[in-house]
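Novice: Okay, handing you the structure first.
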Amino acid sequence: MNDAVMFFFKKKFHVVIVCTANRTRSAYFAGYLNHCIQQYWPGALKRIKITSAGTKAVSGGRVNDVVALIARKQGFSLRQHLSTPVSTALMKRADLILVMEQEHKDYILENYPFTKEKLFRLMEYGWQGEDSMSSLNVPDPTGKDADDFKAFIETARVEADRLINELVHREVL
């Protein structure tokens with residue numbers, strides 16, 4: 001096969017973002033990441049696919065109202081998002097799995113041991129810092145106050161920038 005044909009059939013790099021219910025953290029982060037890539041590297045969406053799932057998700061749940069409103073104010077929509085449970089098929093298709101907490105990582109490793117080489121907490125992927133590993137969890141703001149949501153949104157912004165830079169460095173984008 002020639003190079004042009006091989007390029008045409010090349011699989012997109014598939015990133016799966018995971019939290020618990022797939023209605024707040026992973027839904028927002030995947031949407032925000034897609035929004036950033038579309039805004040600043042529109043051609044990159046031909047090479048990468050970003051989806052989300054939850055370790056305890058119920059299929060078809062709507063996104064958290066607070067993050068839906070925040071997303072809308074930031075110029076993207078989560079209206080079409082429906083929660084998706086983690087599954088064997090999804091874990092096999094993923095090239096990179098990024099979870100919000102150690103609990104999610106433990107669950108996936110226990111149920112899908114084949115993911116070991118492609119599974120990271122969001123804040124540990126490519127991390128070179130000195131922070132303790134426990135501080136690398138992304139706390140769930142669901143049911144909490146506005147300050148918790150603000151902290152989550154700021155973490156998401158910083159981590160999206162860091163993740164995009166890491167994916168550029170690894171020549172995924």
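Note on naming: chains are A, B, ... as they come in the structure tokens, residues start from 1 per chain, ligands start from 1 in the order shown.
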Mind running segment 23-90 of chain A against segment 139-144 of chain A at 9 Å and telling me each contacting residue's nearest atom pair with the distance in Å (one decimal), counting only C-alpha atoms, chain and number ascending, as JSON lines?

Specialist:
{"residue": "A:Thr24", "atom": "CA", "partner": "A:Thr142", "partner_atom": "CA", "distance": 6.9}
{"residue": "A:Arg25", "atom": "CA", "partner": "A:Asp140", "partner_atom": "CA", "distance": 6.8}
{"residue": "A:Asn64", "atom": "CA", "partner": "A:Thr142", "partner_atom": "CA", "distance": 7.8}
{"residue": "A:Val66", "atom": "CA", "partner": "A:Thr142", "partner_atom": "CA", "distance": 8.8}

Novice: Those same residues, written as a CSV table (one decimal), in the first residue's frame with N, CA and C atoms?

Specialist:
chain,number,residue,atom,x,y,z
A,24,THR,N,-19.9,15.0,35.3
A,24,THR,CA,-19.3,16.2,35.7
A,24,THR,C,-17.8,16.3,35.2
A,25,ARG,N,-16.9,15.7,35.9
A,25,ARG,CA,-15.5,15.9,35.6
A,25,ARG,C,-15.1,15.4,34.2
A,64,ASN,N,-24.0,17.3,34.3
A,64,ASN,CA,-24.3,18.1,35.5
A,64,ASN,C,-24.7,19.5,35.0
A,66,VAL,N,-24.4,22.5,36.3
A,66,VAL,CA,-23.4,23.5,36.6
A,66,VAL,C,-22.4,23.5,35.5

Novice: From the DSSP assignment of the backbone, select every residue of segment 57-107 of chain A that is helix (DSSP H, G or I), and format the answer as a list in words.

Specialist: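 Everything in segment 57-107 of chain A that counts as helix (DSSP H, G or I) is Asp65, Val66, Val67, Ala68, Leu69, Ile70, Ala71, Arg72, Lys73, Thr88, Ala89, Leu90, Met91, Lys92, Arg93, Gln102, Glu103, His104, Lys105, Asp106 and Tyr107 of chain A.
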
Novice: Write the selection just made, keeping C-alpha atoms, as a PDB file, in the first residue's frame?

Specialist:
ATOM      1  CA  ASP A  65     -26.243  21.429  35.100  1.00  0.00           C
ATOM      2  CA  VAL A  66     -23.448  23.542  36.583  1.00  0.00           C
ATOM      3  CA  VAL A  67     -20.738  22.329  34.190  1.00  0.00           C
ATOM      4  CA  ALA A  68     -23.201  22.561  31.285  1.00  0.00           C
ATOM      5  CA  LEU A  69     -23.725  26.246  32.110  1.00  0.00           C
ATOM      6  CA  ILE A  70     -19.992  26.872  32.532  1.00  0.00           C
ATOM      7  CA  ALA A  71     -19.271  25.158  29.207  1.00  0.00           C
ATOM      8  CA  ARG A  72     -21.893  27.265  27.442  1.00  0.00           C
ATOM      9  CA  LYS A  73     -20.334  30.442  28.875  1.00  0.00           C
ATOM     10  CA  THR A  88     -14.087  -3.738  27.717  1.00  0.00           C
ATOM     11  CA  ALA A  89     -14.596  -2.528  24.145  1.00  0.00           C
ATOM     12  CA  LEU A  90     -13.910   1.099  25.078  1.00  0.00           C
ATOM     13  CA  MET A  91     -10.820   0.205  27.089  1.00  0.00           C
ATOM     14  CA  LYS A  92      -9.465  -1.880  24.184  1.00  0.00           C
ATOM     15  CA  ARG A  93     -10.047   0.923  21.642  1.00  0.00           C
ATOM     16  CA  GLN A 102      -6.549   6.792  42.036  1.00  0.00           C
ATOM     17  CA  GLU A 103      -9.825   4.973  42.812  1.00  0.00           C
ATOM     18  CA  HIS A 104     -10.724   5.045  39.097  1.00  0.00           C
ATOM     19  CA  LYS A 105      -7.280   3.773  38.143  1.00  0.00           C
ATOM     20  CA  ASP A 106      -7.529   0.918  40.649  1.00  0.00           C
ATOM     21  CA  TYR A 107     -10.985  -0.039  39.342  1.00  0.00           C
TER      22      TYR A 107
END

Novice: Rank A:Val99, A:Ala53, A:Leu136, A:Leu173 by their smallest atom-to-atom distance to Thr155 of chain A, using only C-alpha atoms, and report the top residue only.

Specialist: A:Leu136

Novice: Between A:Asn165, A:Thr20, A:Ser26, A:Ser59, which residue has the minimum interatomic distance to Leu82 of chain A, considering only C-alpha atoms?

Specialist: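 Nearest to Leu82 of chain A: A:Ser59.
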
Novice: Hey, which of A:Ala27, A:Cys36, A:Ile48, A:Cys19 ends up closest to Asp161 of chain A? Count only C-alpha atoms.

Specialist: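 Among the listed residues, A:Cys36 lies closest to Asp161 of chain A.
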
Novice: With DSSP run on the backbone, what are the strand (DSSP E or B) residues within segment 15-147 of chain A? I'd like them as a list in words.

Specialist: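 Going through segment 15-147 of chain A, the strand (DSSP E or B) residues come out as Val15, Val16, Ile17, Val18, Cys19, Ile48, Lys49, Ile50, Thr51, Ser52, Ala53, Gly54, Arg62, Leu82, Pro85, Leu96, Ile97, Leu98, Val99, Leu119, Phe120 and Arg121 of chain A.
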
Novice: Have a look at A:His81, A:Lys11, A:Val86, A:Val16 and name the one nearest to Phe120 of chain A; count only C-alpha atoms.

Specialist: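 Of all the options, A:Val16 lies closest to Phe120 of chain A.
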
Novice: Atom CA of Leu98 of chain A and atom CA of Tyr125 of chain A are how many Å apart?

Specialist: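 Here the two named atoms are 7.7 Å from each other.
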
Novice: Using only C-alpha atoms, which residue out of A:Gly126, A:Gly54, A:Gly75, A:Pro85 lies closest to Val18 of chain A?

Specialist: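 Smallest separation from Val18 of chain A among the options: A:Gly54.
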